[in-house]
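Shown here: upload-v5.cif, mmCIF, C-alpha atoms and all ligand atoms.
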```
data_structure
loop_
_atom_site.label_atom_id
_atom_site.label_comp_id
_atom_site.auth_asym_id
_atom_site.auth_seq_id
_atom_site.Cartn_x
_atom_site.Cartn_y
_atom_site.Cartn_z
CA MET A 2 58.59 100.10 49.73
CA PHE A 3 60.07 102.59 47.27
CA SER A 4 57.70 104.77 45.35
CA PHE A 5 58.60 106.40 42.06
CA GLU A 6 59.09 109.70 43.88
CA SER A 7 61.56 108.25 46.32
CA TRP A 8 63.51 106.56 43.53
CA LEU A 9 63.68 109.94 41.86
CA ALA A 10 64.79 111.63 45.08
CA TYR A 11 67.42 108.98 45.83
CA SER A 12 68.81 109.11 42.27
CA PHE A 13 69.00 112.87 42.55
CA ILE A 14 70.93 112.66 45.84
CA PHE A 15 73.29 110.05 44.38
CA VAL A 16 74.05 112.19 41.34
CA LEU A 17 74.44 115.24 43.57
CA GLY A 18 77.00 113.28 45.61
CA LEU A 19 78.87 112.30 42.44
CA ILE A 20 79.02 115.88 41.19
CA LEU A 21 80.08 117.21 44.58
CA GLY A 22 82.70 114.47 44.93
CA SER A 23 84.07 115.37 41.53
CA TYR A 24 84.19 119.04 42.51
CA LEU A 25 85.91 118.22 45.82
CA ASN A 26 88.54 116.22 43.93
CA SER A 27 89.55 119.12 41.77
CA TRP A 28 89.20 121.60 44.63
CA MET A 29 91.62 119.59 46.79
CA TRP A 30 94.08 119.27 43.94
CA ARG A 31 93.98 123.00 43.29
CA VAL A 32 94.43 123.86 46.96
CA HIS A 33 97.39 121.52 47.18
CA GLU A 34 98.98 122.89 44.01
CA GLY A 35 98.37 126.41 45.23
CA LYS A 36 96.24 127.13 42.14
CA TYR A 37 93.33 128.21 44.18
CA VAL A 38 90.30 129.15 42.17
CA PHE A 39 86.81 128.69 43.48
CA LEU A 40 85.36 127.79 40.13
CA GLY A 41 87.38 127.03 37.08
CA ARG A 42 87.47 124.60 34.21
CA SER A 43 88.88 121.18 34.98
CA MET A 44 92.05 120.12 33.29
CA CYS A 45 94.30 117.10 33.01
CA VAL A 46 96.74 117.11 35.90
CA SER A 47 99.48 115.83 33.63
CA CYS A 48 99.20 117.59 30.24
CA SER A 49 97.21 120.62 31.50
CA ARG A 50 94.71 120.34 28.66
CA PHE A 51 91.25 121.64 29.57
CA LEU A 52 88.71 118.87 29.62
CA ALA A 53 85.72 118.74 27.31
CA TRP A 54 82.35 118.44 29.03
CA TYR A 55 82.06 114.74 28.14
CA GLU A 56 85.40 114.00 29.81
CA ASN A 57 84.24 115.59 33.00
CA ILE A 58 81.14 113.59 33.88
CA PRO A 59 81.69 112.05 37.32
CA LEU A 60 82.14 108.28 37.32
CA VAL A 61 80.96 107.84 33.71
CA SER A 62 83.96 109.59 32.17
CA PHE A 63 86.39 107.77 34.40
CA LEU A 64 84.98 104.43 33.29
CA ALA A 65 84.62 105.42 29.62
CA LEU A 66 88.20 106.72 29.47
CA LYS A 67 89.35 103.61 31.36
CA GLY A 68 90.98 105.88 33.93
CA LYS A 69 93.34 107.53 31.43
CA CYS A 70 93.64 111.00 29.94
CA ARG A 71 92.37 111.00 26.33
CA THR A 72 95.41 112.80 24.93
CA CYS A 73 98.42 112.10 27.13
CA LYS A 74 97.22 108.66 28.34
CA VAL A 75 98.46 109.32 31.83
CA LYS A 76 96.50 107.41 34.45
CA ILE A 77 93.91 109.42 36.35
CA PRO A 78 94.46 108.56 40.04
CA SER A 79 91.87 106.00 41.16
CA THR A 80 91.31 108.09 44.30
CA TYR A 81 89.29 110.42 42.06
CA PHE A 82 86.94 107.60 41.30
CA PHE A 83 86.72 106.49 44.94
CA VAL A 84 86.07 110.00 46.24
CA GLU A 85 83.18 110.47 43.78
CA MET A 86 81.77 107.06 44.55
CA SER A 87 82.08 107.35 48.34
CA THR A 88 80.58 110.84 48.47
CA ALA A 89 77.62 109.62 46.42
CA LEU A 90 77.14 106.47 48.51
CA LEU A 91 77.48 108.36 51.80
CA PHE A 92 74.91 110.92 50.62
CA LEU A 93 72.53 108.16 49.60
CA PHE A 94 73.01 106.29 52.87
CA LEU A 95 72.51 109.45 54.93
CA VAL A 96 69.36 110.57 53.19
CA MET A 97 67.90 107.07 53.49
CA ILE A 98 68.56 107.00 57.25
CA ASP A 99 67.37 110.56 57.78
CA ILE A 100 64.14 109.97 55.85
CA ASN A 101 63.64 106.74 57.75
CA ILE A 102 63.99 108.46 61.14
CA GLY A 103 62.02 111.43 59.82
CA VAL A 104 64.47 114.19 60.75
CA ALA A 105 63.96 117.89 60.12
CA PRO A 106 65.42 119.27 56.84
CA VAL A 107 67.97 121.28 58.81
CA ARG A 108 69.34 118.07 60.33
CA MET A 109 69.60 116.51 56.88
CA PHE A 110 71.43 119.58 55.65
CA ARG A 111 73.84 119.39 58.60
CA ASP A 112 74.50 115.70 57.97
CA LEU A 113 75.20 116.23 54.26
CA PHE A 114 77.29 119.35 54.77
CA PHE A 115 79.56 117.84 57.42
CA THR A 116 79.85 114.57 55.54
CA ALA A 117 81.24 116.48 52.55
CA LEU A 118 83.53 118.45 54.86
CA LEU A 119 84.81 115.28 56.55
CA VAL A 120 85.38 113.64 53.15
CA VAL A 121 87.68 116.57 52.32
CA ILE A 122 89.54 116.27 55.63
CA PHE A 123 89.86 112.49 55.24
CA VAL A 124 91.05 112.50 51.64
CA TYR A 125 93.36 115.48 51.99
CA ASP A 126 95.04 114.05 55.06
CA ALA A 127 95.33 110.58 53.49
CA LYS A 128 96.75 111.99 50.24
CA TYR A 129 98.92 114.84 51.43
CA GLY A 130 99.31 114.19 55.18
CA GLU A 131 97.91 117.55 56.10
CA ILE A 132 94.76 118.96 57.67
CA VAL A 133 93.28 121.89 55.74
CA LEU A 134 92.95 124.42 58.54
CA GLY A 135 90.61 126.73 56.61
CA VAL A 136 88.13 123.89 56.12
CA THR A 137 88.43 122.83 59.77
CA TRP A 138 87.77 126.31 61.12
CA LEU A 139 84.95 127.01 58.69
CA GLY A 140 83.40 123.77 59.89
CA ALA A 141 83.85 124.69 63.56
CA ILE A 142 82.14 128.07 63.10
CA ILE A 143 79.20 126.61 61.16
CA ALA A 144 78.90 123.72 63.63
CA ALA A 145 78.79 126.06 66.62
CA PHE A 146 76.19 128.27 64.95
CA MET A 147 73.95 125.37 63.88
CA ASN A 148 74.24 123.52 67.18
CA LEU A 149 73.26 126.58 69.20
CA LYS A 150 70.50 127.77 66.89
CA TYR A 151 68.86 124.53 65.75
CA PHE A 152 69.96 121.55 67.80
CA GLY A 153 69.43 122.67 71.38
CA PHE A 154 73.05 122.48 72.47
CA ASN A 155 74.00 124.82 75.28
CA PHE A 156 77.11 126.93 75.17
CA MET A 157 78.86 125.01 77.95
CA SER A 158 78.48 121.72 76.09
CA LEU A 159 80.22 123.17 73.03
CA LEU A 160 82.89 124.92 75.10
CA LEU A 161 83.67 121.77 77.06
CA GLY A 162 83.61 119.66 73.89
CA GLY A 163 85.99 122.06 72.14
CA LEU A 164 88.35 122.22 75.13
CA VAL A 165 88.45 118.45 75.49
CA GLY A 166 88.82 117.78 71.73
CA GLY A 167 91.39 120.50 71.10
CA GLY A 168 93.14 120.08 74.47
CA PHE A 169 93.50 116.32 74.10
CA PHE A 170 95.60 116.73 70.96
CA LEU A 171 97.37 119.87 72.10
CA PHE A 172 98.55 117.93 75.15
CA GLN A 173 99.84 115.02 73.05
CA TYR A 174 101.43 117.42 70.61
CA LEU A 175 103.30 119.26 73.35
CA VAL A 176 104.34 116.14 75.28
CA SER A 177 105.65 114.36 72.18
CA LYS A 178 107.00 117.56 70.59
CA GLY A 179 104.92 116.81 67.51
CA LYS A 180 106.02 113.19 67.09
CA TRP A 181 102.76 111.38 67.89
CA ILE A 182 100.37 113.59 66.05
CA GLY A 183 100.52 116.45 63.60
CA GLY A 184 99.75 120.04 64.53
CA GLY A 185 96.59 119.94 62.43
CA ASP A 186 95.00 117.31 64.65
CA MET A 187 94.31 119.76 67.48
CA HIS A 188 92.36 121.99 65.10
CA LEU A 189 90.41 118.95 63.99
CA GLY A 190 89.91 117.99 67.67
CA LEU A 191 88.41 121.42 68.26
CA LEU A 192 86.03 120.99 65.32
CA MET A 193 85.02 117.58 66.67
CA GLY A 194 84.30 119.04 70.10
CA VAL A 195 82.20 121.90 68.76
CA LEU A 196 80.32 119.66 66.34
CA LEU A 197 79.66 116.79 68.74
CA GLY A 198 79.50 118.68 72.05
CA TRP A 199 80.03 117.18 75.46
CA PRO A 200 79.86 114.19 76.15
CA ASN A 201 79.66 112.98 72.53
CA ILE A 202 83.18 114.23 71.83
CA LEU A 203 84.29 111.21 73.89
CA VAL A 204 82.33 108.92 71.56
CA GLY A 205 84.03 110.52 68.54
CA LEU A 206 87.51 110.11 70.04
CA PHE A 207 86.81 106.57 71.17
CA ILE A 208 85.57 105.43 67.75
CA SER A 209 88.56 107.10 66.05
CA TYR A 210 90.99 105.17 68.21
CA VAL A 211 89.12 101.89 67.75
CA VAL A 212 89.08 102.31 63.96
CA GLY A 213 92.74 103.33 64.04
CA ALA A 214 93.67 100.28 66.08
CA ILE A 215 91.74 97.88 63.84
CA VAL A 216 93.22 99.31 60.65
CA SER A 217 96.72 99.28 62.11
CA LEU A 218 96.40 95.65 63.19
CA LEU A 219 95.14 94.67 59.75
CA LEU A 220 97.99 96.50 58.05
CA VAL A 221 100.56 94.89 60.30
CA ALA A 222 98.92 91.47 59.85
CA PHE A 223 99.07 91.81 56.07
CA ARG A 224 102.54 93.35 56.33
CA ARG A 225 101.40 96.36 54.37
CA LYS A 226 102.93 98.83 56.76
CA THR A 227 105.25 98.01 59.58
CA PHE A 228 104.51 101.29 61.22
CA ALA A 229 100.87 102.14 61.70
CA SER A 230 101.79 105.72 62.51
CA ALA A 231 102.51 106.16 58.80
CA ILE A 232 98.78 106.72 58.31
CA PRO A 233 97.79 110.29 59.17
CA PHE A 234 95.59 110.27 62.23
CA GLY A 235 93.18 112.82 60.77
CA THR A 236 91.74 110.08 58.57
CA PHE A 237 90.64 108.08 61.62
CA LEU A 238 89.40 111.22 63.34
CA SER A 239 87.16 112.10 60.42
CA ILE A 240 85.63 108.60 60.47
CA GLY A 241 85.08 108.81 64.24
CA THR A 242 83.52 112.25 63.88
CA LEU A 243 81.11 111.13 61.17
CA VAL A 244 79.94 108.08 63.14
CA ALA A 245 79.59 110.09 66.35
CA MET A 246 77.68 112.88 64.56
CA LEU A 247 75.18 110.40 63.14
CA PHE A 248 74.86 107.88 65.98
CA GLY A 249 76.50 109.58 68.99
CA ASN A 250 73.30 109.91 71.02
CA GLU A 251 72.32 106.28 70.40
CA ILE A 252 75.80 105.13 71.35
CA VAL A 253 75.78 107.15 74.60
CA ARG A 254 72.30 105.86 75.46
CA TRP A 255 73.33 102.27 74.73
CA TYR A 256 76.46 102.65 76.84
CA LEU A 257 74.59 104.16 79.81
CA GLY A 258 72.04 101.36 79.63
CA PHE A 259 74.89 98.93 79.63
CA LEU A 260 76.29 100.37 82.87
CA ARG A 261 73.00 100.13 84.72
ZN ZN B 301 96.54 114.57 29.88
#
```

What does this structure look like when you write it as structure tokens?
Amino acid sequence: MFSFESWLAYSFIFVLGLILGSYLNSWMWRVHEGKYVFLGRSMCVSCSRFLAWYENIPLVSFLALKGKCRTCKVKIPSTYFFVEMSTALLFLFLVMIDINIGVAPVRMFRDLFFTALLVVIFVYDAKYGEIVLGVTWLGAIIAAFMNLKYFGFNFMSLLLGGLVGGGFFLFQYLVSKGKWIGGGDMHLGLLMGVLLGWPNILVGLFISYVVGAIVSLLLVAFRRKTFASAIPFGTFLSIGTLVAMLFGNEIVRWYLGFLR
């Protein structure tokens, strides 16, 4: 089933995902610390020593150093490892599906780009409880452009999607005076609407709430968190968005068939 060429291509995508994941890790840390530099040498978060090249190989270095800094022995957060690994696995998974369906390169690019973007939104919200507005708006602009130019969306679909996605959270935010959801969620809702369009925005929201409910029930069942609202909602929204972006049309078709 797999030729040598496809093994080579899949390995390349996996390594690309690892490198990107590693970059996203340090990018998020820098943004949060306010040390924003687009490119810069990586350093130990604890002792501020610049890392040698062999300490900065995604995955491999983490395992070789047993998750500790070589000099100060402070533990490197395991989220670093998981972000690298998940980005790589998601990239691999995506490219396999896309090659299988035989999608156009532009669709594959969109899938990879927005997966990376949603990884950032997910991790940043989970770690710091905040939605990076710059990333969200950049995503919304690129999504609108790509959807109109390459994916046959009409303007009304994007407008309606954006209004529903953004409006849904704006409404909750205003009604609850910011208690139910954070202010960042409406920006993310807008991105979802513009990326997924109408009616797929509904699929994205629905999946987010289902995932949120399942995770909350599990946490309560295992007594990990008494209050499910302690998990930032942007994490669930990014999962819902990713699933709806990849399988939204199939889900809508399945649902409509179900009604008939
Ligand atoms: Zn150190």

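All polymer residues at most 12 Å from (99.2, 110.7, 27.2), using only C-alpha atoms, appear as Cys45, Val46, Ser47, Cys48, Ser49, Arg50, Leu66, Gly68, Lys69, Cys70, Arg71, Thr72, Cys73, Lys74, Val75, Lys76 and Ile77 of chain A.
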
Inset, instruction - Compile the contact shell of Gly241 in chain A as a PyMOL selection string: residues with an atom at most 12 Å away, counting all atoms listed in the file, same-chain residues fewer than 3 positions apart removed. - result: chain A and resi 116+119+123+189-190+193-194+197+201-213+234-238+244-249

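When CA of Phe82 in chain A is paired with CA of Phe110 in chain A, their separation reads 24.3 Å.
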
Legend entry - Nearest to Gly140 in chain A by atom-to-atom distance, counting all atoms listed in the file, from A:Val176, A:Leu113, A:Leu118, A:Leu219: A:Leu118

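Interatomic distance, CA of Asn26 in chain A against CA of Tyr81 in chain A: 6.1 Å.
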
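CA of Met29 in chain A is positioned 11.8 Å from CA of Ala127 in chain A.
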
Inset, instruction - Would you mind listing what lies within 8 Å of Val133 in chain A as a PyMOL selection string, with all atoms listed in the file counted and same-chain residues fewer than 5 positions away left out? - result: chain A and resi 122+125+185

Inset, instruction - Using only C-alpha atoms, collect all residues at a distance of at most 12 Å from (71.0, 122.5, 68.1) as written in the file, then present them as an MDAnalysis selection string. - result: chainID A and resid 105 107:108 111 143:156 158:159 195:198

With C-alpha atoms retained, write the just-selected residues as an mmCIF file, in the coordinates of the input.
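Result file follows (part-v1.cif):
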```cif
data_model
loop_
_atom_site.group_PDB
_atom_site.id
_atom_site.type_symbol
_atom_site.label_atom_id
_atom_site.label_comp_id
_atom_site.auth_asym_id
_atom_site.auth_seq_id
_atom_site.Cartn_x
_atom_site.Cartn_y
_atom_site.Cartn_z
ATOM 1 C CA ALA A 105 63.960 117.890 60.120
ATOM 2 C CA VAL A 107 67.970 121.280 58.810
ATOM 3 C CA ARG A 108 69.340 118.070 60.330
ATOM 4 C CA ARG A 111 73.840 119.390 58.600
ATOM 5 C CA ILE A 143 79.200 126.610 61.160
ATOM 6 C CA ALA A 144 78.900 123.720 63.630
ATOM 7 C CA ALA A 145 78.790 126.060 66.620
ATOM 8 C CA PHE A 146 76.190 128.270 64.950
ATOM 9 C CA MET A 147 73.950 125.370 63.880
ATOM 10 C CA ASN A 148 74.240 123.520 67.180
ATOM 11 C CA LEU A 149 73.260 126.580 69.200
ATOM 12 C CA LYS A 150 70.500 127.770 66.890
ATOM 13 C CA TYR A 151 68.860 124.530 65.750
ATOM 14 C CA PHE A 152 69.960 121.550 67.800
ATOM 15 C CA GLY A 153 69.430 122.670 71.380
ATOM 16 C CA PHE A 154 73.050 122.480 72.470
ATOM 17 C CA ASN A 155 74.000 124.820 75.280
ATOM 18 C CA PHE A 156 77.110 126.930 75.170
ATOM 19 C CA SER A 158 78.480 121.720 76.090
ATOM 20 C CA LEU A 159 80.220 123.170 73.030
ATOM 21 C CA VAL A 195 82.200 121.900 68.760
ATOM 22 C CA LEU A 196 80.320 119.660 66.340
ATOM 23 C CA LEU A 197 79.660 116.790 68.740
ATOM 24 C CA GLY A 198 79.500 118.680 72.050
#
```

Legend entry - Selected residue, from A:Met44, A:Phe172, A:Leu19, A:Ile252, that lies nearest to Arg31 in chain A when counting only C-alpha atoms: A:Met44

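Distances to Leu95 in chain A were evaluated for A:Tyr256, A:Tyr11, A:Pro200, A:Tyr174 using all atoms listed in the file, and the minimum falls at A:Tyr11.
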
Just want the 7 Å neighbourhood of Gly167 in chain A, counted on all atoms listed in the file, with same-chain residues fewer than 6 positions away dropped. Output as a PDB file with C-alpha atoms, in the frame of the given file.
```pdb
ATOM      1  CA  MET A 187      94.310 119.760  67.480  1.00  0.00           C
ATOM      2  CA  HIS A 188      92.360 121.990  65.100  1.00  0.00           C
ATOM      3  CA  GLY A 190      89.910 117.990  67.670  1.00  0.00           C
ATOM      4  CA  LEU A 191      88.410 121.420  68.260  1.00  0.00           C
TER       5      LEU A 191
END
```

Output requested as an mmCIF file, keeping the file's coordinate frame - range 172-205 of chain A, filled out with N, CA and C atoms.
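Generated output (result.cif):
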```
data_model
loop_
_atom_site.group_PDB
_atom_site.id
_atom_site.type_symbol
_atom_site.label_atom_id
_atom_site.label_comp_id
_atom_site.auth_asym_id
_atom_site.auth_seq_id
_atom_site.Cartn_x
_atom_site.Cartn_y
_atom_site.Cartn_z
ATOM 1 N N PHE A 172 97.750 118.581 74.109
ATOM 2 C CA PHE A 172 98.550 117.930 75.150
ATOM 3 C C PHE A 172 99.524 116.920 74.532
ATOM 4 N N GLN A 173 98.993 116.041 73.673
ATOM 5 C CA GLN A 173 99.840 115.020 73.050
ATOM 6 C C GLN A 173 100.916 115.653 72.164
ATOM 7 N N TYR A 174 100.503 116.732 71.506
ATOM 8 C CA TYR A 174 101.430 117.420 70.610
ATOM 9 C C TYR A 174 102.597 118.010 71.407
ATOM 10 N N LEU A 175 102.266 118.622 72.531
ATOM 11 C CA LEU A 175 103.300 119.260 73.350
ATOM 12 C C LEU A 175 104.196 118.217 74.013
ATOM 13 N N VAL A 176 103.573 117.176 74.576
ATOM 14 C CA VAL A 176 104.340 116.140 75.280
ATOM 15 C C VAL A 176 105.312 115.441 74.324
ATOM 16 N N SER A 177 104.807 115.121 73.111
ATOM 17 C CA SER A 177 105.650 114.360 72.180
ATOM 18 C C SER A 177 106.462 115.268 71.259
ATOM 19 N N LYS A 178 106.356 116.565 71.472
ATOM 20 C CA LYS A 178 107.000 117.560 70.590
ATOM 21 C C LYS A 178 106.662 117.295 69.123
ATOM 22 N N GLY A 179 105.393 116.980 68.879
ATOM 23 C CA GLY A 179 104.920 116.810 67.510
ATOM 24 C C GLY A 179 105.234 115.471 66.861
ATOM 25 N N LYS A 180 105.668 114.491 67.686
ATOM 26 C CA LYS A 180 106.020 113.190 67.090
ATOM 27 C C LYS A 180 104.822 112.257 66.957
ATOM 28 N N TRP A 181 103.897 112.299 67.921
ATOM 29 C CA TRP A 181 102.760 111.380 67.890
ATOM 30 C C TRP A 181 101.694 111.822 66.902
ATOM 31 N N ILE A 182 101.436 113.090 66.912
ATOM 32 C CA ILE A 182 100.370 113.590 66.050
ATOM 33 C C ILE A 182 100.840 114.876 65.386
ATOM 34 N N GLY A 183 100.164 115.226 64.303
ATOM 35 C CA GLY A 183 100.520 116.450 63.600
ATOM 36 C C GLY A 183 99.841 117.642 64.258
ATOM 37 N N GLY A 184 100.331 118.829 63.958
ATOM 38 C CA GLY A 184 99.750 120.040 64.530
ATOM 39 C C GLY A 184 98.309 120.257 64.113
ATOM 40 N N GLY A 185 97.957 119.742 62.932
ATOM 41 C CA GLY A 185 96.590 119.940 62.430
ATOM 42 C C GLY A 185 95.544 119.196 63.247
ATOM 43 N N ASP A 186 95.965 118.129 63.923
ATOM 44 C CA ASP A 186 95.000 117.310 64.650
ATOM 45 C C ASP A 186 94.305 118.061 65.773
ATOM 46 N N MET A 187 95.000 119.035 66.391
ATOM 47 C CA MET A 187 94.310 119.760 67.480
ATOM 48 C C MET A 187 93.214 120.665 66.929
ATOM 49 N N HIS A 188 93.425 121.182 65.728
ATOM 50 C CA HIS A 188 92.360 121.990 65.100
ATOM 51 C C HIS A 188 91.160 121.098 64.783
ATOM 52 N N LEU A 189 91.471 119.898 64.290
ATOM 53 C CA LEU A 189 90.410 118.950 63.990
ATOM 54 C C LEU A 189 89.706 118.512 65.283
ATOM 55 N N GLY A 190 90.484 118.345 66.367
ATOM 56 C CA GLY A 190 89.910 117.990 67.670
ATOM 57 C C GLY A 190 88.938 119.052 68.141
ATOM 58 N N LEU A 191 89.286 120.309 67.900
ATOM 59 C CA LEU A 191 88.410 121.420 68.260
ATOM 60 C C LEU A 191 87.108 121.363 67.469
ATOM 61 N N LEU A 192 87.234 121.131 66.154
ATOM 62 C CA LEU A 192 86.030 120.990 65.320
ATOM 63 C C LEU A 192 85.151 119.852 65.836
ATOM 64 N N MET A 193 85.785 118.724 66.152
ATOM 65 C CA MET A 193 85.020 117.580 66.670
ATOM 66 C C MET A 193 84.244 117.966 67.913
ATOM 67 N N GLY A 194 84.929 118.661 68.837
ATOM 68 C CA GLY A 194 84.300 119.040 70.100
ATOM 69 C C GLY A 194 83.120 119.969 69.902
ATOM 70 N N VAL A 195 83.267 120.924 68.985
ATOM 71 C CA VAL A 195 82.200 121.900 68.760
ATOM 72 C C VAL A 195 81.038 121.261 67.995
ATOM 73 N N LEU A 196 81.367 120.325 67.125
ATOM 74 C CA LEU A 196 80.320 119.660 66.340
ATOM 75 C C LEU A 196 79.559 118.638 67.184
ATOM 76 N N LEU A 197 80.303 117.883 67.997
ATOM 77 C CA LEU A 197 79.660 116.790 68.740
ATOM 78 C C LEU A 197 79.183 117.223 70.119
ATOM 79 N N GLY A 198 79.853 118.233 70.705
ATOM 80 C CA GLY A 198 79.500 118.680 72.050
ATOM 81 C C GLY A 198 79.943 117.673 73.098
ATOM 82 N N TRP A 199 79.750 118.070 74.345
ATOM 83 C CA TRP A 199 80.030 117.180 75.460
ATOM 84 C C TRP A 199 78.754 116.422 75.811
ATOM 85 N N PRO A 200 78.723 115.100 76.041
ATOM 86 C CA PRO A 200 79.860 114.190 76.150
ATOM 87 C C PRO A 200 80.182 113.442 74.856
ATOM 88 N N ASN A 201 79.474 113.775 73.749
ATOM 89 C CA ASN A 201 79.660 112.980 72.530
ATOM 90 C C ASN A 201 81.049 113.083 71.921
ATOM 91 N N ILE A 202 81.799 114.136 72.293
ATOM 92 C CA ILE A 202 83.180 114.230 71.830
ATOM 93 C C ILE A 202 83.951 112.966 72.233
ATOM 94 N N LEU A 203 83.612 112.432 73.415
ATOM 95 C CA LEU A 203 84.290 111.210 73.890
ATOM 96 C C LEU A 203 83.975 110.032 72.974
ATOM 97 N N VAL A 204 82.728 109.977 72.496
ATOM 98 C CA VAL A 204 82.330 108.920 71.560
ATOM 99 C C VAL A 204 83.165 109.038 70.278
ATOM 100 N N GLY A 205 83.264 110.275 69.766
ATOM 101 C CA GLY A 205 84.030 110.520 68.540
ATOM 102 C C GLY A 205 85.486 110.091 68.685
#
```
